[in-house]
$ cat data-v6.cif   # mmCIF, C-alpha atoms and all ligand atoms
data_start
#
loop_
_atom_site.label_atom_id
_atom_site.label_comp_id
_atom_site.auth_asym_id
_atom_site.auth_seq_id
_atom_site.Cartn_x
_atom_site.Cartn_y
_atom_site.Cartn_z
CA MET N 294 4.62 145.02 72.61
CA THR N 295 5.73 144.17 76.12
CA ILE N 296 8.78 143.15 78.10
CA HIS N 297 8.61 141.48 81.52
CA LYS N 298 11.26 140.14 83.85
CA ARG N 299 11.16 137.13 86.19
CA PRO N 300 13.78 135.24 88.24
CA PHE N 301 15.45 132.40 86.33
CA GLY N 302 17.35 130.75 89.19
CA THR N 303 20.59 131.17 91.09
CA THR N 304 23.98 130.82 89.41
CA PRO N 305 26.73 128.64 90.96
CA GLU N 306 28.33 131.92 92.11
CA GLY N 307 25.16 132.74 94.09
CA ALA N 308 23.78 135.49 91.88
CA VAL N 309 20.17 135.61 90.73
CA ALA N 310 19.75 135.38 86.97
CA ASP N 311 16.76 136.99 85.27
CA LEU N 312 14.60 135.87 82.38
CA TYR N 313 13.18 138.60 80.14
CA LEU N 314 10.03 137.80 78.22
CA LEU N 315 9.76 139.88 75.06
CA ALA N 316 6.52 139.98 73.09
CA ALA N 317 6.70 141.75 69.72
CA ALA N 318 3.38 140.30 68.53
CA SER N 319 0.90 137.74 69.90
CA ASP N 320 2.61 135.11 67.72
CA PHE N 321 6.23 136.26 68.01
CA LYS N 322 7.85 136.15 71.45
CA ALA N 323 11.22 135.41 72.99
CA ALA N 324 12.74 134.65 76.37
CA ILE N 325 16.30 135.83 77.00
CA THR N 326 18.35 135.48 80.17
CA ASN N 327 21.15 137.77 81.26
CA TYR N 328 23.10 134.58 82.14
CA GLY N 329 25.28 134.05 79.07
CA GLY N 330 23.01 136.39 77.10
CA ILE N 331 21.16 133.21 76.23
CA LEU N 332 18.15 133.02 73.93
CA VAL N 333 16.12 130.52 75.97
CA SER N 334 12.92 130.42 73.89
CA LEU N 335 11.63 131.81 70.63
CA TRP N 336 8.01 131.36 69.64
CA ALA N 337 7.06 131.74 65.96
CA PRO N 338 3.96 130.69 64.00
CA ASP N 339 3.61 127.86 61.48
CA ARG N 340 1.65 128.22 58.24
CA ASN N 341 -1.63 127.75 60.18
CA GLY N 342 -0.71 130.37 62.74
CA LYS N 343 0.15 127.86 65.44
CA THR N 344 3.15 128.98 67.49
CA ALA N 345 5.89 126.74 68.83
CA ASP N 346 9.11 127.30 70.73
CA ILE N 347 11.73 126.65 68.05
CA VAL N 348 15.06 126.84 69.92
CA LEU N 349 16.64 124.20 72.16
CA GLY N 350 17.29 125.10 75.78
CA PHE N 351 16.70 124.55 79.49
CA ASP N 352 13.97 125.47 81.98
CA ASP N 353 16.23 127.39 84.37
CA VAL N 354 19.74 128.65 84.88
CA SER N 355 21.06 125.38 86.36
CA GLY N 356 20.99 123.68 82.94
CA TYR N 357 22.99 126.51 81.43
CA ALA N 358 25.46 126.72 84.34
CA ALA N 359 26.33 123.03 83.84
CA LYS N 360 28.28 121.80 80.82
CA HIS N 361 26.10 122.01 77.71
CA PRO N 362 26.75 122.57 74.01
CA TYR N 363 26.25 126.37 74.08
CA PHE N 364 22.44 126.26 73.62
CA GLY N 365 21.35 129.79 72.61
CA ALA N 366 24.42 131.44 74.14
CA ILE N 367 26.47 134.47 73.26
CA VAL N 368 29.86 133.00 72.47
CA GLY N 369 33.06 134.95 73.10
CA ARG N 370 35.69 136.25 73.23
CA TYR N 371 36.30 134.03 70.24
CA GLY N 372 33.52 131.94 68.73
CA ASN N 373 34.82 128.70 67.16
CA ARG N 374 38.32 127.19 67.32
CA ILE N 375 41.85 128.53 67.75
CA ALA N 376 44.47 125.92 66.84
CA GLY N 377 46.52 124.52 69.74
CA GLY N 378 45.02 127.15 72.07
CA GLN N 379 47.70 129.61 70.97
CA PHE N 380 48.14 132.69 68.86
CA THR N 381 50.75 135.37 68.35
CA LEU N 382 49.72 139.02 68.24
CA ASP N 383 52.18 141.90 67.70
CA GLY N 384 55.05 139.44 68.33
CA LYS N 385 53.74 138.20 71.67
CA MET N 386 52.46 134.66 72.15
CA TYR N 387 49.25 134.03 74.09
CA SER N 388 48.12 130.68 75.56
CA LEU N 389 44.48 129.80 75.94
CA ALA N 390 42.65 126.78 77.36
CA GLN N 391 42.70 123.67 75.16
CA ASN N 392 39.09 122.74 75.83
CA ASP N 393 38.35 120.90 72.57
CA GLY N 394 40.99 118.21 72.02
CA PRO N 395 44.20 120.13 71.31
CA ASN N 396 42.28 123.31 70.41
CA HIS N 397 40.59 126.25 72.07
CA LEU N 398 36.82 126.43 71.52
CA HIS N 399 34.20 129.15 72.05
CA GLY N 400 36.19 131.38 74.40
CA GLY N 401 37.53 128.71 76.75
CA VAL N 402 36.52 127.06 80.01
CA ARG N 403 34.47 130.01 81.20
CA GLY N 404 33.47 131.94 78.13
CA PHE N 405 30.90 134.69 77.68
CA ASP N 406 28.18 132.00 77.79
CA LYS N 407 28.88 131.68 81.54
CA ALA N 408 29.00 135.42 82.34
CA LEU N 409 26.20 137.27 84.07
CA TRP N 410 25.53 140.20 81.75
CA THR N 411 23.95 143.50 82.77
CA ALA N 412 20.56 143.83 81.09
CA GLU N 413 18.52 146.86 80.10
CA PRO N 414 15.07 146.54 78.48
CA LEU N 415 14.54 148.66 75.37
CA ILE N 416 11.59 149.68 73.26
CA ARG N 417 11.31 151.30 69.85
CA ASP N 418 8.35 151.88 67.48
CA ASP N 419 8.48 148.47 65.84
CA ALA N 420 10.32 146.31 68.38
CA VAL N 421 11.11 145.32 71.95
CA GLY N 422 14.71 144.74 72.89
CA LEU N 423 17.26 143.85 75.50
CA LYS N 424 20.66 145.46 75.73
CA LEU N 425 23.28 143.28 77.42
CA THR N 426 26.69 144.52 78.52
CA HIS N 427 29.70 142.63 79.82
CA THR N 428 33.32 143.59 80.40
CA SER N 429 35.83 140.80 80.02
CA PRO N 430 38.90 141.74 82.10
CA ASN N 431 42.49 141.77 80.83
CA GLY N 432 43.79 138.18 81.01
CA ASP N 433 40.29 136.64 81.01
CA GLU N 434 40.74 133.06 79.71
CA GLY N 435 44.19 134.17 78.57
CA TYR N 436 43.07 136.96 76.23
CA PRO N 437 44.73 140.38 76.40
CA GLY N 438 42.97 143.68 77.13
CA ASN N 439 39.83 144.78 78.93
CA LEU N 440 37.08 144.15 76.41
CA SER N 441 33.74 145.93 76.87
CA CYS N 442 30.97 144.21 74.93
CA THR N 443 27.39 145.11 74.14
CA VAL N 444 24.95 142.67 72.60
CA THR N 445 21.52 144.03 71.74
CA TYR N 446 18.62 141.77 70.86
CA TRP N 447 15.59 143.29 69.12
CA LEU N 448 12.40 141.38 68.44
CA THR N 449 10.44 143.21 65.73
CA ASN N 450 6.72 143.16 64.98
CA THR N 451 7.63 142.00 61.46
CA LYS N 452 9.06 138.78 63.02
CA THR N 453 12.77 139.42 62.89
CA LEU N 454 15.21 138.72 65.69
CA GLU N 455 17.99 141.27 65.27
CA ILE N 456 21.29 140.87 67.12
CA GLU N 457 23.86 143.66 67.18
CA TYR N 458 27.31 143.18 68.68
CA THR N 459 29.78 145.92 69.60
CA ALA N 460 33.03 145.80 71.53
CA VAL N 461 35.91 148.10 72.42
CA THR N 462 39.26 147.22 73.96
CA ASP N 463 42.22 148.89 75.69
CA ALA N 464 44.78 146.45 74.21
CA PRO N 465 44.87 144.53 70.92
CA THR N 466 42.87 141.28 71.12
CA PRO N 467 41.09 138.88 68.80
CA VAL N 468 37.28 139.16 68.95
CA ASN N 469 34.68 136.95 67.28
CA LEU N 470 31.25 137.18 68.88
CA THR N 471 28.32 135.06 67.82
CA ASN N 472 25.08 133.50 69.00
CA HIS N 473 24.90 129.72 69.26
CA SER N 474 21.14 129.05 69.00
CA TYR N 475 20.03 125.56 67.96
CA PHE N 476 16.90 125.83 65.82
CA ASN N 477 14.33 123.18 65.06
CA LEU N 478 11.55 124.74 63.00
CA LYS N 479 9.21 121.86 63.94
CA GLY N 480 9.61 122.90 67.58
CA HIS N 481 12.48 122.40 70.03
CA ASN N 482 11.16 118.90 70.83
CA GLY N 483 10.36 118.06 67.20
CA GLY N 484 12.96 115.34 66.60
CA ASP N 485 15.68 115.44 63.98
CA ILE N 486 16.20 118.36 61.60
CA LEU N 487 17.24 116.27 58.58
CA THR N 488 14.21 117.11 56.42
CA HIS N 489 14.67 120.87 56.85
CA GLU N 490 15.52 122.33 53.43
CA LEU N 491 18.59 124.52 53.57
CA THR N 492 19.92 127.13 51.18
CA LEU N 493 23.38 128.56 51.98
CA PHE N 494 24.40 131.57 49.93
CA ALA N 495 28.04 130.52 49.81
CA ASP N 496 30.06 129.20 46.90
CA ARG N 497 33.05 128.26 49.08
CA PHE N 498 33.67 126.75 52.50
CA THR N 499 36.73 126.32 54.72
CA PRO N 500 37.72 122.62 54.80
CA VAL N 501 39.20 121.38 58.07
CA ASP N 502 41.85 118.99 59.38
CA GLU N 503 41.07 116.04 61.71
CA THR N 504 40.69 118.43 64.69
CA LEU N 505 38.31 120.78 62.80
CA ILE N 506 40.90 123.52 62.23
CA PRO N 507 40.66 125.11 58.74
CA THR N 508 43.46 124.11 56.39
CA GLY N 509 43.51 127.66 54.97
CA GLU N 510 41.89 126.67 51.70
CA LEU N 511 38.67 128.31 50.52
CA ARG N 512 37.24 125.35 48.62
CA PRO N 513 34.45 125.66 46.03
CA VAL N 514 31.28 123.84 47.12
CA GLU N 515 30.59 122.96 43.48
CA GLY N 516 30.21 119.22 43.03
CA THR N 517 30.42 118.47 46.79
CA PRO N 518 27.81 117.67 49.51
CA PHE N 519 28.52 121.24 50.72
CA ASP N 520 26.71 122.76 47.77
CA PHE N 521 23.54 124.25 49.27
CA ARG N 522 23.32 127.06 46.73
CA THR N 523 19.99 125.59 45.73
CA ALA N 524 17.79 124.27 48.54
CA ALA N 525 18.50 120.73 49.68
CA ALA N 526 17.40 118.69 52.68
CA ILE N 527 20.05 118.82 55.41
CA GLY N 528 19.94 115.01 55.56
CA ALA N 529 20.08 114.35 51.82
CA ARG N 530 23.86 113.95 51.55
CA ILE N 531 24.93 114.02 55.19
CA ASN N 532 26.02 110.38 55.33
CA THR N 533 28.10 110.52 52.14
CA GLU N 534 31.57 108.96 52.60
CA GLU N 535 33.37 112.23 52.02
CA GLU N 536 36.47 113.25 53.98
CA GLN N 537 35.08 116.58 55.22
CA LEU N 538 31.75 115.09 56.32
CA VAL N 539 33.59 112.29 58.09
CA ARG N 540 35.83 114.79 59.92
CA GLY N 541 32.86 116.94 60.97
CA LYS N 542 30.73 113.88 61.83
CA GLY N 543 28.28 115.62 59.51
CA TYR N 544 28.11 119.33 58.72
CA ASP N 545 30.23 121.37 61.13
CA HIS N 546 31.88 123.83 58.76
CA ASN N 547 32.36 127.50 58.09
CA PHE N 548 30.89 128.75 54.83
CA VAL N 549 32.36 131.78 53.10
CA LEU N 550 29.83 134.58 52.61
CA ASP N 551 32.19 137.44 51.92
CA ALA N 552 35.93 136.69 51.85
CA ASP N 553 36.74 140.42 51.65
CA ALA N 554 34.85 141.03 54.91
CA LYS N 555 33.43 144.33 53.77
CA GLY N 556 30.84 144.28 56.53
CA ARG N 557 27.92 144.56 54.09
CA PHE N 558 24.61 142.92 54.99
CA VAL N 559 24.27 139.73 52.94
CA GLN N 560 21.84 136.86 53.08
CA ALA N 561 23.62 133.86 54.60
CA ALA N 562 20.91 131.23 54.64
CA ARG N 563 17.29 130.25 54.18
CA VAL N 564 15.76 127.23 55.89
CA ARG N 565 12.29 125.84 55.21
CA GLU N 566 10.63 123.13 57.26
CA PRO N 567 8.14 121.39 54.93
CA GLN N 568 5.77 119.96 57.58
CA THR N 569 5.05 123.23 59.43
CA GLY N 570 5.89 125.69 56.65
CA ARG N 571 8.14 127.68 58.97
CA VAL N 572 10.92 129.54 57.16
CA LEU N 573 14.03 131.14 58.65
CA GLU N 574 16.18 133.60 56.72
CA VAL N 575 19.55 134.71 58.07
CA TYR N 576 21.23 137.98 57.12
CA THR N 577 24.58 139.15 58.46
CA THR N 578 27.45 141.58 58.11
CA GLU N 579 29.87 138.77 59.05
CA PRO N 580 32.13 137.15 56.40
CA GLY N 581 31.23 133.57 57.41
CA VAL N 582 28.66 131.27 58.92
CA GLN N 583 29.28 127.99 60.75
CA PHE N 584 26.64 125.48 59.75
CA TYR N 585 26.55 122.87 62.52
CA CYS N 586 23.74 120.32 62.63
CA GLY N 587 23.90 118.98 66.17
CA ASN N 588 26.19 116.04 65.39
CA PHE N 589 27.35 115.89 69.01
CA LEU N 590 23.84 115.84 70.52
CA ASP N 591 23.30 112.37 72.00
CA GLY N 592 20.27 112.56 74.26
CA SER N 593 22.32 113.47 77.34
CA ASN N 594 20.88 117.01 77.40
CA VAL N 595 17.41 117.04 78.91
CA GLY N 596 15.89 120.40 78.18
CA LYS N 597 12.70 122.43 78.42
CA GLY N 598 9.71 120.47 79.67
CA GLY N 599 11.81 117.30 79.85
CA ALA N 600 12.58 117.28 76.10
CA VAL N 601 15.48 114.97 75.26
CA TYR N 602 17.74 116.41 72.59
CA ASN N 603 18.98 113.54 70.46
CA HIS N 604 21.44 113.32 67.56
CA ARG N 605 20.83 116.12 65.02
CA ASN N 606 17.75 117.49 66.78
CA GLY N 607 18.84 121.09 66.15
CA PHE N 608 20.92 123.10 63.70
CA CYS N 609 23.06 126.21 64.24
CA LEU N 610 23.91 129.01 61.85
CA GLU N 611 26.66 130.78 63.75
CA THR N 612 27.47 133.99 61.89
CA GLN N 613 31.13 134.72 62.48
CA HIS N 614 34.63 135.40 61.21
CA PHE N 615 36.40 132.26 60.03
CA PRO N 616 37.66 129.74 62.61
CA ASP N 617 41.31 130.06 63.70
CA SER N 618 41.67 133.51 62.11
CA PRO N 619 44.29 134.56 64.72
CA ASN N 620 46.62 131.95 63.18
CA GLN N 621 45.62 132.31 59.53
CA ALA N 622 47.10 135.36 57.84
CA THR N 623 45.00 134.96 54.69
CA PHE N 624 41.68 135.05 56.57
CA PRO N 625 39.89 138.34 57.35
CA SER N 626 41.42 139.73 60.55
CA THR N 627 39.65 139.40 63.90
CA VAL N 628 42.08 141.71 65.72
CA LEU N 629 40.45 144.62 67.53
CA ARG N 630 42.74 147.48 68.56
CA PRO N 631 42.25 150.37 71.00
CA GLY N 632 40.32 153.16 69.29
CA GLN N 633 38.52 150.75 66.98
CA MET N 634 34.97 149.49 67.36
CA HIS N 635 34.01 145.89 66.74
CA HIS N 636 30.53 146.05 65.18
CA THR N 637 28.53 143.27 63.55
CA GLN N 638 24.87 142.56 62.97
CA THR N 639 22.84 139.44 62.28
CA HIS N 640 19.12 139.18 61.54
CA PHE N 641 17.04 136.00 61.88
CA ARG N 642 13.80 136.60 59.97
CA PHE N 643 10.81 134.26 60.39
CA LEU N 644 8.20 133.67 57.71
CA THR N 645 5.94 130.88 56.52
CA ASP N 646 5.78 129.33 53.07
C1 LIG W 701 30.33 124.52 67.38
C2 LIG W 701 31.42 123.62 66.91
C3 LIG W 701 30.98 122.21 67.08
C4 LIG W 701 30.58 121.93 68.50
C5 LIG W 701 29.51 122.91 68.92
C6 LIG W 701 29.17 122.80 70.38
O1 LIG W 701 29.33 124.64 66.49
O2 LIG W 701 31.81 123.88 65.60
O3 LIG W 701 32.03 121.35 66.69
O4 LIG W 701 31.69 122.05 69.34
O5 LIG W 701 29.91 124.21 68.69
O6 LIG W 701 28.92 121.49 70.76
#

$ encode --input "data-v6.cif" --output "structure tokens" --more "lines below"
Ligand code: GLA
Amino acid sequence: MTIHKRPFGTTPEGAVADLYLLAAASDFKAAITNYGGILVSLWAPDRNGKTADIVLGFDDVSGYAAKHPYFGAIVGRYGNRIAGGQFTLDGKMYSLAQNDGPNHLHGGVRGFDKALWTAEPLIRDDAVGLKLTHTSPNGDEGYPGNLSCTVTYWLTNTKTLEIEYTAVTDAPTPVNLTNHSYFNLKGHNGGDILTHELTLFADRFTPVDETLIPTGELRPVEGTPFDFRTAAAIGARINTEEEQLVRGKGYDHNFVLDADAKGRFVQAARVREPQTGRVLEVYTTEPGVQFYCGNFLDGSNVGKGGAVYNHRNGFCLETQHFPDSPNQATFPSTVLRPGQMHHTQTHFRFLTD
């Protein structure tokens, strides 16, 4: 197991970003940059032992510094949407950027995906890791309190990518940290993901309004195209004329894993790609997962090795608290207060069929 560092380019602010190459096994490696805490590459084997890079991304920091759809990034302070870019906390109203139609998305104009994190390589018996730290100052993107965050990636020799998030604050603030990797188990340049077979261990999802804000309902998936409780191809029902699929332009919805938010590890998803036999299992302590299937990808992002990322060429499983929780009293709370510790974990486990 090894970890090496190399320069990854200069940020628009003139700082040099680094790329850390983590090898947990000869057929299980990752590349992570301290810019945005971004997972740039992840190599995993197919059923014949052939490895491929299975996450979408760019060759150097310039692609990530420009506008892009959060490829591989750590998203914060608040992953997903906050209605109208506003919330009230302890009687005080806060205004945030409206960077997604009328709503706030993924932490604002300059979210954690654009921060240069401090990185520290780690090693343990069964894994290589990278500890990333970032302090978001009071008032950052409109959020209250100085928030000190740590995101630790571990790549294990049993082919699991573990991500652990912690944060502490000196004033009450909403927090919802996630990772926004786009997977394609055929390979990042493998075309559309519609034949990937998905299982989502969720019997409810949070339906949305026209601007993708949850209505507050936890709707049973039973009898809808959102029922992935038994494996189904992502593309099998995606073009059904159904209000929620029309609003999301496909799947772009939060699924309910644990409405009580007990912080237990549960399995969120399993994805199998039939051609290569690659399998991804997702486990998390988070109460929800946003299943997004790259509906907004349109070929305008040219990525690693010149790969063009077209419509639905990657899928995301963003483990998270529910969207718009700061405005939805019935959803599990995302408020972190001084003296408390925000702590969540997500594991992406790779196998073959
Ligand atoms: C999330 C959102 C999507 C889209 C992507 C980024 O997954 O739910 O609607 O904004 O991020 O493009």

$ closest_residue --input "data-v6.cif" --among "N:Gly422, N:Pro362, N:Gly541, N:Gly378" --to "ligand LIG 701 (chain W)" --atoms "all atoms listed in the file"
N:Pro362

$ residues_near_ligand --input "data-v6.cif" --ligand "ligand LIG 701 (chain W)" --cutoff "10 Å" --atoms "all atoms listed in the file" --output "PDB file with C-alpha atoms, keeping the file's coordinate frame"
ATOM      1  CA  HIS N 361      26.100 122.010  77.710  1.00  0.00           C
ATOM      2  CA  PRO N 362      26.750 122.570  74.010  1.00  0.00           C
ATOM      3  CA  TYR N 363      26.250 126.370  74.080  1.00  0.00           C
ATOM      4  CA  PHE N 364      22.440 126.260  73.620  1.00  0.00           C
ATOM      5  CA  VAL N 368      29.860 133.000  72.470  1.00  0.00           C
ATOM      6  CA  GLY N 372      33.520 131.940  68.730  1.00  0.00           C
ATOM      7  CA  ASN N 373      34.820 128.700  67.160  1.00  0.00           C
ATOM      8  CA  ARG N 374      38.320 127.190  67.320  1.00  0.00           C
ATOM      9  CA  ASN N 392      39.090 122.740  75.830  1.00  0.00           C
ATOM     10  CA  ASP N 393      38.350 120.900  72.570  1.00  0.00           C
ATOM     11  CA  LEU N 398      36.820 126.430  71.520  1.00  0.00           C
ATOM     12  CA  HIS N 399      34.200 129.150  72.050  1.00  0.00           C
ATOM     13  CA  HIS N 473      24.900 129.720  69.260  1.00  0.00           C
ATOM     14  CA  SER N 474      21.140 129.050  69.000  1.00  0.00           C
ATOM     15  CA  TYR N 475      20.030 125.560  67.960  1.00  0.00           C
ATOM     16  CA  THR N 504      40.690 118.430  64.690  1.00  0.00           C
ATOM     17  CA  LEU N 505      38.310 120.780  62.800  1.00  0.00           C
ATOM     18  CA  ILE N 506      40.900 123.520  62.230  1.00  0.00           C
ATOM     19  CA  GLY N 541      32.860 116.940  60.970  1.00  0.00           C
ATOM     20  CA  LYS N 542      30.730 113.880  61.830  1.00  0.00           C
ATOM     21  CA  GLY N 543      28.280 115.620  59.510  1.00  0.00           C
ATOM     22  CA  TYR N 544      28.110 119.330  58.720  1.00  0.00           C
ATOM     23  CA  ASP N 545      30.230 121.370  61.130  1.00  0.00           C
ATOM     24  CA  HIS N 546      31.880 123.830  58.760  1.00  0.00           C
ATOM     25  CA  ASN N 547      32.360 127.500  58.090  1.00  0.00           C
ATOM     26  CA  GLN N 583      29.280 127.990  60.750  1.00  0.00           C
ATOM     27  CA  PHE N 584      26.640 125.480  59.750  1.00  0.00           C
ATOM     28  CA  TYR N 585      26.550 122.870  62.520  1.00  0.00           C
ATOM     29  CA  CYS N 586      23.740 120.320  62.630  1.00  0.00           C
ATOM     30  CA  GLY N 587      23.900 118.980  66.170  1.00  0.00           C
ATOM     31  CA  ASN N 588      26.190 116.040  65.390  1.00  0.00           C
ATOM     32  CA  PHE N 589      27.350 115.890  69.010  1.00  0.00           C
ATOM     33  CA  LEU N 590      23.840 115.840  70.520  1.00  0.00           C
ATOM     34  CA  PHE N 608      20.920 123.100  63.700  1.00  0.00           C
ATOM     35  CA  CYS N 609      23.060 126.210  64.240  1.00  0.00           C
ATOM     36  CA  LEU N 610      23.910 129.010  61.850  1.00  0.00           C
ATOM     37  CA  GLU N 611      26.660 130.780  63.750  1.00  0.00           C
ATOM     38  CA  PRO N 616      37.660 129.740  62.610  1.00  0.00           C
TER      39      PRO N 616
END

$ closest_residue --input "data-v6.cif" --among "N:Asp485, N:Glu510, N:Glu457, N:Asp617" --to "Glu579 in chain N" --atoms "all atoms listed in the file"
N:Glu457

$ closest_residue --input "data-v6.cif" --among "N:Gly484, N:Gly330, N:Pro631, N:Gly404" --to "Glu434 in chain N" --atoms "all atoms listed in the file"
N:Gly404

$ residues_around --input "data-v6.cif" --residues "range 490-494 of chain N" --least-positions-apart "4" --cutoff "9 Å" --atoms "only C-alpha atoms" --output "NGL selection string"
:N and (520-528 or 548-550 or 559-567 or 584)

$ atom_distance --input "data-v6.cif" --atom1 "CA of Arg497 in chain N" --atom2 "CA of Val582 in chain N"
11.2 Å

$ residues_around --input "data-v6.cif" --residues "Gln568 in chain N" --least-positions-apart "5" --cutoff "10 Å" --atoms "only C-alpha atoms" --output "PyMOL selection string"
chain N and resi 339-340+478-479+488-489

$ atom_distance --input "data-v6.cif" --atom1 "CA of Val309 in chain N" --atom2 "CA of Leu332 in chain N"
17.1 Å

$ closest_residue --input "data-v6.cif" --among "N:Ala390, N:Val468, N:Ala412, N:Leu425" --to "Gly438 in chain N" --atoms "all atoms listed in the file"
N:Val468

$ atom_distance --input "data-v6.cif" --atom1 "CA of Gly435 in chain N" --atom2 "CA of Asn472 in chain N"
21.4 Å

$ axis_aligned_box --input "data-v6.cif" --around "range 531-546 of chain N" --padding-each-side "6 Å" --output "AutoDock Vina command-line options"
--center_x 30.7 --center_y 116.4 --center_z 56.9 --size_x 23.5 --size_y 26.9 --size_z 21.8

$ residues_around --input "data-v6.cif" --residues "Asn431 in chain N" --least-positions-apart "5" --cutoff "12 Å" --atoms "all atoms listed in the file" --output "list in words"
Arg370, Tyr436, Pro437, Gly438, Asn439, Leu440, Ser441, Thr462, Asp463, Ala464, Pro465 and Thr466 of chain N

$ residues_around --input "data-v6.cif" --residues "His614 in chain N" --least-positions-apart "2" --cutoff "8 Å" --atoms "all atoms listed in the file" --output "number ranges by chain"
N: 469, 579-582, 612, 616, 618, 625, 627

$ write_last_selection --input "data-v6.cif" --atoms "C-alpha atoms" --output "PDB file, in the coordinates of the input"
ATOM      1  CA  ASN N 469      34.680 136.950  67.280  1.00  0.00           C
ATOM      2  CA  GLU N 579      29.870 138.770  59.050  1.00  0.00           C
ATOM      3  CA  PRO N 580      32.130 137.150  56.400  1.00  0.00           C
ATOM      4  CA  GLY N 581      31.230 133.570  57.410  1.00  0.00           C
ATOM      5  CA  VAL N 582      28.660 131.270  58.920  1.00  0.00           C
ATOM      6  CA  THR N 612      27.470 133.990  61.890  1.00  0.00           C
ATOM      7  CA  PRO N 616      37.660 129.740  62.610  1.00  0.00           C
ATOM      8  CA  SER N 618      41.670 133.510  62.110  1.00  0.00           C
ATOM      9  CA  PRO N 625      39.890 138.340  57.350  1.00  0.00           C
ATOM     10  CA  THR N 627      39.650 139.400  63.900  1.00  0.00           C
TER      11      THR N 627
END

$ closest_residue --input "data-v6.cif" --among "N:Cys442, N:Ile375, N:Leu454, N:Ile367" --to "Leu389 in chain N" --atoms "all atoms listed in the file"
N:Ile375
